[in-house]
Each structure stands twice: as C-alpha cells, then as structure tokens.
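The structure file run-v3.cif is reproduced below (mmCIF, C-alpha atoms).
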data_protein
loop_
_atom_site.label_atom_id
_atom_site.label_comp_id
_atom_site.auth_asym_id
_atom_site.auth_seq_id
_atom_site.Cartn_x
_atom_site.Cartn_y
_atom_site.Cartn_z
CA MET Y 1 106.98 16.05 2.50
CA ARG Y 2 107.60 18.37 5.45
CA SER Y 3 111.02 20.00 5.79
CA ILE Y 4 113.39 18.48 8.32
CA LYS Y 5 115.21 21.25 10.15
CA GLY Y 6 117.87 21.58 12.87
CA LYS Y 7 117.50 19.15 15.76
CA GLU Y 8 114.82 17.22 13.85
CA LEU Y 9 117.55 15.91 11.56
CA ILE Y 10 119.18 14.02 14.45
CA TYR Y 11 115.83 12.73 15.75
CA THR Y 12 114.88 11.58 12.25
CA ILE Y 13 118.18 9.76 11.79
CA CYS Y 14 117.77 8.04 15.19
CA ILE Y 15 114.19 6.97 14.52
CA SER Y 16 114.93 5.81 10.95
CA TYR Y 17 118.03 3.94 12.11
CA SER Y 18 116.11 2.21 14.92
CA VAL Y 19 113.31 1.18 12.58
CA ILE Y 20 115.72 -0.13 9.91
CA ASN Y 21 117.93 -1.89 12.45
CA ILE Y 22 115.07 -3.58 14.30
CA GLY Y 23 113.54 -4.53 10.95
CA ALA Y 24 116.86 -6.02 9.81
CA SER Y 25 117.24 -7.91 13.12
CA ILE Y 26 113.77 -9.42 12.70
CA VAL Y 27 114.57 -10.47 9.14
CA GLU Y 28 117.88 -11.98 10.31
CA ALA Y 29 116.13 -13.83 13.14
CA ILE Y 30 113.55 -15.23 10.72
CA THR Y 31 116.03 -16.16 8.01
CA GLN Y 32 118.62 -17.20 10.63
CA ARG Y 33 121.39 -15.43 8.79
CA ASP Y 34 124.60 -14.78 10.66
CA VAL Y 35 125.85 -11.30 9.82
CA SER Y 36 128.66 -9.34 11.44
CA LEU Y 37 126.51 -7.02 13.52
CA CYS Y 38 129.09 -4.46 14.54
CA SER Y 39 130.33 -3.30 11.13
CA ASN Y 40 126.89 -3.78 9.63
CA ASN Y 41 125.33 -1.49 12.24
CA VAL Y 42 127.88 1.25 11.66
CA MET Y 43 127.34 1.14 7.90
CA MET Y 44 123.60 1.10 8.40
CA LEU Y 45 123.80 4.17 10.64
CA LEU Y 46 125.95 5.97 8.08
CA TRP Y 47 123.63 5.16 5.22
CA THR Y 48 120.57 6.12 7.23
CA GLY Y 49 122.26 9.44 7.98
CA ILE Y 50 122.98 9.94 4.28
CA ALA Y 51 119.40 9.07 3.28
CA VAL Y 52 117.87 11.43 5.86
CA PHE Y 53 120.29 14.21 4.96
CA VAL Y 54 119.61 13.87 1.23
CA LEU Y 55 115.85 13.81 1.77
CA SER Y 56 116.06 16.80 4.11
CA ILE Y 57 117.58 19.03 1.44
CA HIS Y 58 114.58 18.68 -0.89
CA PRO Y 59 113.29 22.25 -0.18
CA LEU Y 60 116.47 23.51 -1.89
CA PHE Y 61 115.14 22.05 -5.14
CA GLU Y 62 111.74 23.76 -4.99
CA GLN Y 63 112.47 25.71 -8.17
CA VAL Y 64 113.40 22.70 -10.27
CA SER Y 65 111.19 19.90 -11.52
CA PRO Y 66 110.68 16.83 -9.31
CA LEU Y 67 112.46 14.66 -11.88
CA THR Y 68 115.56 16.86 -11.70
CA MET Y 69 115.32 16.80 -7.91
CA ILE Y 70 115.13 13.00 -7.86
CA LEU Y 71 118.15 12.68 -10.17
CA VAL Y 72 120.25 15.23 -8.25
CA GLN Y 73 119.36 13.63 -4.91
CA TYR Y 74 120.21 10.23 -6.33
CA ALA Y 75 123.62 11.46 -7.54
CA ILE Y 76 124.40 13.04 -4.14
CA ALA Y 77 123.25 9.99 -2.17
CA MET Y 78 125.06 7.54 -4.47
CA GLY Y 79 128.24 9.62 -4.28
CA LEU Y 80 128.09 9.70 -0.46
CA VAL Y 81 127.38 5.96 -0.21
CA MET Y 82 130.31 5.17 -2.48
CA LEU Y 83 132.50 7.54 -0.49
CA THR Y 84 131.66 5.80 2.81
CA VAL Y 85 132.42 2.43 1.23
CA ALA Y 86 135.71 3.75 -0.19
CA ILE Y 87 136.69 5.11 3.24
CA GLY Y 88 135.58 1.82 4.85
CA SER Y 89 137.75 -0.11 2.39
CA LEU Y 90 140.84 1.49 3.98
CA PHE Y 91 140.07 -0.53 7.12
CA SER Y 92 138.56 -3.68 5.66
CA PRO Y 93 138.75 -4.66 1.99
CA VAL Y 94 135.66 -4.56 -0.20
CA SER Y 95 134.81 -7.94 -1.71
CA LYS Y 96 135.06 -8.52 -5.46
CA GLY Y 97 131.99 -7.00 -7.08
CA GLY Y 98 131.22 -5.16 -3.82
CA TYR Y 99 130.80 -1.77 -5.47
CA HIS Y 100 128.52 -3.26 -8.10
CA ASP Y 101 126.37 -4.87 -5.39
CA ILE Y 102 126.18 -1.61 -3.45
CA PHE Y 103 125.22 0.22 -6.63
CA LEU Y 104 122.38 -2.23 -7.25
CA SER Y 105 121.17 -2.45 -3.67
CA PHE Y 106 120.97 1.34 -3.54
CA THR Y 107 119.63 1.98 -7.04
CA ILE Y 108 116.84 -0.59 -7.11
CA PRO Y 109 115.01 0.65 -3.96
CA TYR Y 110 115.59 4.22 -5.13
CA ILE Y 111 113.98 3.51 -8.50
CA ILE Y 112 111.06 1.77 -6.78
CA GLY Y 113 110.62 4.83 -4.52
CA ALA Y 114 110.80 7.18 -7.52
CA VAL Y 115 108.20 5.16 -9.43
CA ILE Y 116 105.86 5.22 -6.40
CA TYR Y 117 106.32 8.99 -6.21
CA TYR Y 118 105.70 9.31 -9.95
CA VAL Y 119 102.47 7.33 -9.77
CA GLU Y 120 101.33 9.33 -6.73
CA VAL Y 121 101.87 12.62 -8.58
CA PHE Y 122 99.60 11.46 -11.41
CA ARG Y 123 96.99 10.10 -9.02
CA SER Y 124 96.90 13.34 -7.04
CA VAL Y 125 96.49 15.33 -10.27
CA HIS Y 126 93.58 13.08 -11.18
CA ARG Y 127 92.01 13.59 -7.73
CA GLN Y 128 92.46 17.35 -7.92
CA ASN Y 129 90.85 17.53 -11.35
CA ARG Y 130 87.89 15.54 -10.10
CA LEU Y 131 87.52 17.84 -7.07
CA LEU Y 132 87.78 20.92 -9.27
CA ASP Y 133 85.09 19.58 -11.59
CA GLU Y 134 82.78 18.93 -8.65
CA ILE Y 135 83.39 22.38 -7.12
CA GLN Y 136 82.82 24.18 -10.41
CA MET Y 137 79.74 22.10 -11.19
CA GLN Y 138 78.38 22.84 -7.70
CA ARG Y 139 78.93 26.54 -8.27
CA LYS Y 140 77.23 26.46 -11.66
CA GLU Y 141 74.20 24.75 -10.15
CA GLU Y 142 74.07 27.32 -7.35
CA LYS Y 143 74.17 30.14 -9.90
CA ASN Y 144 71.45 28.54 -12.00
CA ARG Y 145 69.29 28.04 -8.93
CA ARG Y 146 69.70 31.70 -7.98
CA ALA Y 147 68.97 32.93 -11.51
CA MET O 1 65.91 29.92 1.89
CA LYS O 2 63.78 31.34 4.67
CA ILE O 3 65.12 34.49 6.35
CA ASN O 4 63.88 35.77 9.71
CA LEU O 5 64.94 39.19 10.99
CA TYR O 6 64.44 40.15 14.63
CA GLU O 7 65.01 43.58 16.08
CA ASN O 8 66.18 43.64 19.68
CA LYS O 9 67.25 47.01 21.11
CA GLU O 10 68.78 45.35 24.17
CA LEU O 11 71.45 43.51 22.23
CA THR O 12 74.97 44.81 22.72
CA GLU O 13 76.27 42.95 19.68
CA ASP O 14 74.50 41.83 16.51
CA TYR O 15 74.67 38.15 15.73
CA VAL O 16 73.54 35.70 13.09
CA ASP O 17 72.59 32.04 13.56
CA VAL O 18 72.53 29.90 10.45
CA HIS O 19 70.42 26.72 10.52
CA TYR O 20 71.10 24.51 7.56
CA HIS O 21 70.31 21.08 6.29
CA GLU O 22 73.39 20.92 4.12
CA MET O 23 76.30 23.32 3.72
CA THR O 24 76.12 24.73 0.22
CA GLU O 25 78.32 27.09 -1.74
CA GLU O 26 75.69 29.82 -1.34
CA LEU O 27 75.65 29.42 2.45
CA ARG O 28 79.39 29.37 2.65
CA HIS O 29 79.48 32.57 0.65
CA LEU O 30 76.91 34.18 2.97
CA CYS O 31 78.87 33.07 6.03
CA SER O 32 82.02 34.59 4.62
CA LEU O 33 80.14 37.87 4.08
CA PHE O 34 78.89 37.88 7.66
CA GLY O 35 82.19 36.85 9.14
CA THR O 36 84.51 39.22 7.40
CA LYS O 37 84.53 42.79 6.32
CA LYS O 38 84.04 42.80 2.58
CA LEU O 39 87.27 43.40 0.82
CA GLU O 40 87.19 46.30 -1.59
CA LEU O 41 90.01 45.77 -3.97
CA TYR O 42 91.26 48.62 -6.09
CA GLY O 43 93.78 48.02 -8.82
CA THR O 44 95.95 50.57 -10.57
CA ASP O 45 96.93 50.34 -14.18
CA GLN O 46 99.04 53.23 -15.46
CA GLU O 47 97.58 55.89 -13.12
CA GLU O 48 94.07 54.58 -13.62
CA LYS O 49 92.46 53.30 -10.42
CA GLN O 50 89.64 50.82 -10.68
CA LEU O 51 87.49 48.78 -8.32
CA LEU O 52 88.08 45.15 -9.20
CA ARG O 53 85.47 42.43 -9.06
CA ILE O 54 87.00 39.59 -7.07
CA SER O 55 85.41 36.89 -9.20
CA ASP O 56 87.05 38.35 -12.33
CA ILE O 57 90.53 37.87 -10.94
CA PHE O 58 92.42 34.82 -12.18
CA TYR O 59 95.32 35.07 -9.77
CA PHE O 60 97.50 37.36 -7.69
CA GLU O 61 101.24 37.40 -8.07
CA SER O 62 103.91 38.96 -5.93
CA VAL O 63 106.87 40.34 -7.88
CA GLU O 64 109.63 42.24 -6.10
CA LYS O 65 107.42 43.10 -3.11
CA ARG O 66 104.62 44.36 -5.35
CA THR O 67 101.37 42.49 -5.80
CA TYR O 68 99.54 42.24 -9.08
CA ALA O 69 96.03 41.03 -9.87
CA TYR O 70 95.75 39.20 -13.18
CA LEU O 71 92.42 39.33 -14.96
CA ALA O 72 91.62 37.62 -18.26
CA LYS O 73 93.53 40.20 -20.27
CA LYS O 74 94.55 43.00 -17.91
CA VAL O 75 96.96 43.28 -15.01
CA TYR O 76 96.51 45.67 -12.09
CA GLN O 77 98.77 46.47 -9.21
CA VAL O 78 97.02 46.15 -5.85
CA SER O 79 97.98 47.56 -2.47
CA TYR O 80 97.58 44.36 -0.42
CA ARG O 81 100.27 41.81 0.28
CA LEU O 82 99.86 38.29 -1.01
CA GLY O 83 99.40 36.83 2.49
CA GLU O 84 96.64 39.33 3.28
CA LEU O 85 94.81 38.51 0.06
CA GLU O 86 95.16 34.79 0.69
CA GLU O 87 93.63 35.19 4.16
CA ALA O 88 90.88 37.60 3.11
CA LEU O 89 89.80 35.63 0.04
CA LYS O 90 90.18 32.06 1.23
CA ASP O 91 86.42 31.54 1.31
CA GLN O 92 86.03 32.91 -2.19
CA GLY O 93 88.15 30.33 -3.91
CA PHE O 94 91.64 31.78 -3.57
CA ILE O 95 94.52 29.56 -2.49
CA ARG O 96 98.29 29.82 -2.65
CA ILE O 97 99.89 27.40 -5.08
CA ASN O 98 103.48 28.58 -4.98
CA LYS O 99 105.60 31.07 -3.09
CA SER O 100 104.44 34.02 -5.18
CA VAL O 101 101.00 33.10 -6.55
CA VAL O 102 97.49 32.92 -5.07
CA VAL O 103 95.07 31.48 -7.61
CA ASN O 104 91.30 31.59 -8.02
CA ILE O 105 90.22 27.93 -8.24
CA TYR O 106 87.10 28.88 -10.20
CA LYS O 107 89.38 30.07 -13.01
CA ILE O 108 91.34 26.84 -13.24
CA LYS O 109 90.51 24.84 -16.34
CA LYS O 110 92.47 21.79 -15.32
CA ILE O 111 95.50 20.53 -13.46
CA ARG O 112 98.09 18.70 -15.48
CA SER O 113 101.36 16.99 -14.75
CA GLU O 114 104.30 17.14 -17.08
CA ILE O 115 106.62 14.29 -17.88
CA ASN O 116 109.19 15.74 -15.45
CA MET O 117 106.52 15.45 -12.70
CA ARG O 118 106.02 19.21 -12.47
CA VAL O 119 102.37 20.03 -11.81
CA GLN O 120 100.74 23.00 -13.55
CA ALA O 121 97.38 24.70 -13.19
CA GLN O 122 96.01 25.60 -16.60
CA LEU O 123 93.72 28.61 -16.36
CA GLN O 124 90.70 29.45 -18.49
CA ASN O 125 92.75 32.09 -20.32
CA GLN O 126 95.30 29.37 -21.24
CA GLU O 127 97.93 30.68 -18.84
CA GLU O 128 99.80 28.04 -16.86
CA ILE O 129 101.07 28.37 -13.31
CA VAL O 130 103.27 25.92 -11.45
CA ILE O 131 101.84 24.26 -8.33
CA SER O 132 104.92 23.78 -6.19
CA ARG O 133 105.54 20.62 -4.17
CA HIS O 134 105.46 22.64 -0.96
CA TYR O 135 101.86 23.79 -1.57
CA LYS O 136 100.60 20.63 -3.30
CA SER O 137 99.13 19.08 -0.19
CA SER O 138 97.49 22.28 1.14
CA PHE O 139 96.01 22.88 -2.33
CA GLU O 140 94.36 19.47 -2.35
CA LYS O 141 93.11 19.90 1.23
CA TYR O 142 91.64 23.24 0.21
CA LEU O 143 89.80 21.65 -2.73
CA VAL O 144 88.38 19.02 -0.39
CA ARG O 145 87.24 21.75 2.00
CA MET O 146 85.67 23.75 -0.81
CA ARG O 147 83.82 20.75 -2.08
CA GLY O 148 82.22 20.69 1.34
CA VAL O 149 82.49 17.02 2.15
CA ILE O 150 85.28 14.91 3.53
CA HIS O 151 87.23 13.29 0.75
CA GLU O 152 87.44 9.73 1.94
CA GLU O 153 89.59 8.24 -0.75
CA HIS O 154 93.06 7.43 0.64
#
Translate this file's structure into structure tokens.
Amino acid sequence: MRSIKGKELIYTICISYSVINIGASIVEAITQRDVSLCSNNVMMLLWTGIAVFVLSIHPLFEQVSPLTMILVQYAIAMGLVMLTVAIGSLFSPVSKGGYHDIFLSFTIPYIIGAVIYYVEVFRSVHRQNRLLDEIQMQRKEEKNRRA
Amino acid sequence: MKINLYENKELTEDYVDVHYHEMTEELRHLCSLFGTKKLELYGTDQEEKQLLRISDIFYFESVEKRTYAYLAKKVYQVSYRLGELEEALKDQGFIRINKSVVVNIYKIKKIRSEINMRVQAQLQNQEEIVISRHYKSSFEKYLVRMRGVIHEEH
C-alpha cells in the first residue's frame, strides 16, 4: 500500500467517507431502514477518519512483522473508536450492550481484512517463487545453448 | 544469432539496431551492454583490492553509509552507493528488496513467508534477507519484467 502523506490524508478521508456514506444510503434505501442520519453521519465521518489515519501510519511499522503491525493498528483503531463512543456517550447515552456491539462490528471486518491480507501474502510468495523458477530456468537454458 | 557489421565513416554517432523474434535473456544482456558503460566493480577486503565478478555477488548492503558486496563466503566494501548499484545493475538481476539491500535474483533459492507474514528471500548460501512490504510490489514487478512476458494472472 502506498503511503498517505500530508494533504492526501484529508482527500482520502473525504473520498472514503463519501463512498461509505453513499453505500450506506443505498443499503438503507434498499432495506428501507430508518436511521438517525445526523448522528450516524458524524460517527461515520469520525470512524472513517480513524481508519484512514491508522492505515496511513503503516510505514512507521516497516521494521516489524506484518502480524505485529496488524495487531498494533487494531489496538490503536479500537482504542480510538471506543474513545469516540465514550465521548459521544456524554451527549447521548450508549444503549445496553452498545460497547459490545461496537467491538464486534469493528473486530469482525478487521479480522476479515487481516485474513484477506494473510492469504494475499502467501499467494504473492507463491507467484514470486514461480517467476523466480521460470527466470532461473530460462537463464540455465540460455547458458546451455551458448555452451 | 546472425550479426552484421557495417562500417560507415560518415556517421557522427555509432548505433545498434536489434531485430528479434523474441526477447531472450541473452538479448537483454547484450542490450544492457550496449546501452550502458560496463560497470567495473572493485571490492576491498582488509587493504586487498579485487575486481569482482558481478554474477558472483549475492547482494549489496548499505551499513552506516558504507556499501558492502556479499559473495558466497566473502564480503567486500565497494565504493558505489546502493542507489547507483541498483540503477547500474538492474538489467543484470539486481533489485532492491529493503531499505538497505539490493539482491541478485539469480542467487535467490526461494521466497518464503513466515507465520508472522514476514517475507524472506532465502539465498543459495542459506542466508535469509527480509523483503520489506514497501518493496514487495516493485520486487514482483521486476520479476515479471525479467521473465520477459506480461504476467497476466490477477
């Protein structure tokens, strides 16, 4: 993934927020669910900002293993999400089991994303090994032909 | 391969046209020789200066602003910077795989991923070097380029 720097951070948040919000509106229109749009939009913007920020700091973890990076990013993102909800609860109370629901609705997509990443790492290693074999075989043949 | 040589005293600059049916490793190598000044790489090892054969080098590493060439068993300090070596040797199988290492792909035995998702290049001398996430994509693109055909999968 390319690094997100400076002004790009704001653009990325805006684009991601628009995509998520429009997507959510379409889902709501299809399922005909009536959700409080105002507070929902603010939370969605906050969480999009958190997600983009957390993803943008991945170059800081270049020295550590991807698994460590995923766990650290998860802890930071989860902490920030819980913090926004805790701050939000000062203005409107969180429903019973609200924190548990937030934990699940954040953790499950995160785990799915991590698994996709994990599978992609193994697939790319497989591809690279195949390419290496072909290149080295090609070179051997060239050498034999020349000899 | 058929080679035609033409002498023309009126030419102000020498040039080479290559007509090929299929781009091969041999042709690519020849093109790189025509296109660039051949790099003569000297390495020093405790006062001893030696001309290194590029194909014997496993990888270059930059440590505290010094660059070292790692052969199967010996290590030499070289006078070029890592970026210069990467540029000069890109057609001879050398590609950067992390911030401080440029590796010779012909010396890689295999690529393997660890359980923590870290990807390592295992060399023919059993050494292992980390392929960082930042260079993962450019490394794969380089392999595709070196194979000489467009990798269509994905």
Practice problem: Do me a favour and pick out the residues of chain Y within 7 Å of chain O, using all atoms listed in the file, as JSON, numbers by chain. | Solution: {"Y": [62, 65, 66, 67, 118, 121, 122, 125, 128, 129, 131, 132, 134, 135, 136, 139, 142]}
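Residue nearest Y:Ile111 within the list Y:Tyr74, Y:Phe91, Y:Phe61, Y:Tyr17: Y:Tyr74 [criterion: smallest interatomic distance, only C-alpha atoms].
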Quiz item: Taking all atoms listed in the file into account, which of Y:Arg130, Y:Arg123, Y:Gly79, Y:Val42 comes nearest Y:Thr107?
Solution: Y:Gly79
Exercise. May I ask which of the residues O:Glu61, O:Asp56, O:Asp45, O:Asp91 is the closest one to O:Tyr76, counting all atoms listed in the file?
Key: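 Closest to O:Tyr76, using all atoms listed in the file: O:Asp45.
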Quiz prompt | Hits of the PyMOL selection byres ((chain O and resi 73) around 12) in this structure, as a PyMOL selection string | solution = chain O and resi 56-59+69-72+74-76+124-127
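Atom CA of O:Asn104 sits 28.6 Å away from atom CA of Y:Thr68.
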Quiz item: So how far away is atom CA of O:Ser138 from atom CA of Y:Ile76, in Å?
Solution: 28.9 Å
Self-check item: Selection result for the PyMOL selection byres ((chain O and resi 67) around 12) on this file, as JSON, numbers by chain
Solution: {"O": [41, 42, 43, 44, 59, 60, 61, 62, 63, 64, 65, 66, 68, 69, 70, 75, 76, 77, 78, 79, 80, 81, 82, 83, 84, 85, 86, 100, 101, 102]}
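One finds atom CA of O:Met1 at 14.0 Å from atom CA of O:Cys31.
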Quiz item: What's the 9 Å shell around O:Gln92, counting only C-alpha atoms, without same-chain residues fewer than 4 positions away, as a PyMOL selection string?
Solution: chain O and resi 28-29+32+54-55+88+104-105
If you keep C-alpha atoms, can you produce a file of those selected residues as a compact mmCIF listing (two decimals), keeping the file's coordinate frame?
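And here is the file that came out, selection_12.txt:
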# COMPACT_ATOMS: atom_id res chain seq x y z
CA ARG O 28 79.39 29.37 2.65
CA HIS O 29 79.48 32.57 0.65
CA SER O 32 82.02 34.59 4.62
CA ILE O 54 87.00 39.59 -7.07
CA SER O 55 85.41 36.89 -9.20
CA ALA O 88 90.88 37.60 3.11
CA ASN O 104 91.30 31.59 -8.02
CA ILE O 105 90.22 27.93 -8.24
Practice problem: Evaluate the PyMOL selection byres ((chain O and resi 17) around 12) and record the selected residues as number ranges by chain, following the chain and residue labels used in the document. | Solution: O: 3-6, 14-16, 18-20, 27, 30-31, 34-35
Centre and edges of the stretch 8-17 of chain O box, axis-aligned, 6 Å extra per side, as JSON:
{"center_x": 71.2, "center_y": 39.5, "center_z": 18.6, "size_x": 22.1, "size_y": 27.0, "size_z": 23.1}
Quiz item: How would you write as a list in words the residues that get within 12 Å of (114.3, 13.5, 13.0) in the file's frame, counting all atoms listed in the file?
Solution: Arg2, Ser3, Ile4, Lys5, Gly6, Lys7, Glu8, Leu9, Ile10, Tyr11, Thr12, Ile13, Cys14, Ile15, Ser16, Tyr17, Ser18, Thr48, Gly49, Ala51, Val52, Phe53, Leu55 and Ser56 of chain Y
Please rebuild stretch 62-78 of chain O with N, CA and C atoms and return the result as a PDB file, in the frame of the given file.
ATOM      1  N   SER O  62     103.016  38.023  -6.595  1.00  0.00           N
ATOM      2  CA  SER O  62     103.910  38.960  -5.930  1.00  0.00           C
ATOM      3  C   SER O  62     105.232  38.988  -6.692  1.00  0.00           C
ATOM      4  N   VAL O  63     105.597  40.172  -7.153  1.00  0.00           N
ATOM      5  CA  VAL O  63     106.870  40.340  -7.880  1.00  0.00           C
ATOM      6  C   VAL O  63     107.621  41.504  -7.262  1.00  0.00           C
ATOM      7  N   GLU O  64     108.781  41.222  -6.737  1.00  0.00           N
ATOM      8  CA  GLU O  64     109.630  42.240  -6.100  1.00  0.00           C
ATOM      9  C   GLU O  64     108.839  43.105  -5.119  1.00  0.00           C
ATOM     10  N   LYS O  65     108.181  42.459  -4.190  1.00  0.00           N
ATOM     11  CA  LYS O  65     107.420  43.100  -3.110  1.00  0.00           C
ATOM     12  C   LYS O  65     106.198  43.903  -3.600  1.00  0.00           C
ATOM     13  N   ARG O  66     105.847  43.741  -4.851  1.00  0.00           N
ATOM     14  CA  ARG O  66     104.620  44.360  -5.350  1.00  0.00           C
ATOM     15  C   ARG O  66     103.647  43.244  -5.697  1.00  0.00           C
ATOM     16  N   THR O  67     102.355  43.523  -5.507  1.00  0.00           N
ATOM     17  CA  THR O  67     101.370  42.490  -5.800  1.00  0.00           C
ATOM     18  C   THR O  67     100.514  42.910  -6.992  1.00  0.00           C
ATOM     19  N   TYR O  68     100.318  41.967  -7.869  1.00  0.00           N
ATOM     20  CA  TYR O  68      99.540  42.240  -9.080  1.00  0.00           C
ATOM     21  C   TYR O  68      98.337  41.295  -9.156  1.00  0.00           C
ATOM     22  N   ALA O  69      97.225  41.854  -9.647  1.00  0.00           N
ATOM     23  CA  ALA O  69      96.030  41.030  -9.870  1.00  0.00           C
ATOM     24  C   ALA O  69      95.917  40.802 -11.374  1.00  0.00           C
ATOM     25  N   TYR O  70      95.836  39.543 -11.753  1.00  0.00           N
ATOM     26  CA  TYR O  70      95.750  39.200 -13.180  1.00  0.00           C
ATOM     27  C   TYR O  70      94.311  38.855 -13.530  1.00  0.00           C
ATOM     28  N   LEU O  71      93.750  39.633 -14.458  1.00  0.00           N
ATOM     29  CA  LEU O  71      92.420  39.330 -14.960  1.00  0.00           C
ATOM     30  C   LEU O  71      92.587  38.610 -16.304  1.00  0.00           C
ATOM     31  N   ALA O  72      91.506  38.378 -17.006  1.00  0.00           N
ATOM     32  CA  ALA O  72      91.620  37.620 -18.260  1.00  0.00           C
ATOM     33  C   ALA O  72      92.656  38.237 -19.205  1.00  0.00           C
ATOM     34  N   LYS O  73      92.587  39.572 -19.337  1.00  0.00           N
ATOM     35  CA  LYS O  73      93.530  40.200 -20.270  1.00  0.00           C
ATOM     36  C   LYS O  73      94.320  41.347 -19.664  1.00  0.00           C
ATOM     37  N   LYS O  74      93.882  41.823 -18.495  1.00  0.00           N
ATOM     38  CA  LYS O  74      94.550  43.000 -17.910  1.00  0.00           C
ATOM     39  C   LYS O  74      95.249  42.643 -16.602  1.00  0.00           C
ATOM     40  N   VAL O  75      96.216  43.471 -16.265  1.00  0.00           N
ATOM     41  CA  VAL O  75      96.960  43.280 -15.010  1.00  0.00           C
ATOM     42  C   VAL O  75      96.908  44.593 -14.230  1.00  0.00           C
ATOM     43  N   TYR O  76      96.563  44.487 -12.937  1.00  0.00           N
ATOM     44  CA  TYR O  76      96.510  45.670 -12.090  1.00  0.00           C
ATOM     45  C   TYR O  76      97.413  45.467 -10.884  1.00  0.00           C
ATOM     46  N   GLN O  77      98.014  46.548 -10.457  1.00  0.00           N
ATOM     47  CA  GLN O  77      98.770  46.470  -9.210  1.00  0.00           C
ATOM     48  C   GLN O  77      97.809  46.734  -8.054  1.00  0.00           C
ATOM     49  N   VAL O  78      97.906  45.951  -6.998  1.00  0.00           N
ATOM     50  CA  VAL O  78      97.020  46.150  -5.850  1.00  0.00           C
ATOM     51  C   VAL O  78      97.866  46.469  -4.615  1.00  0.00           C
TER      52      VAL O  78
END
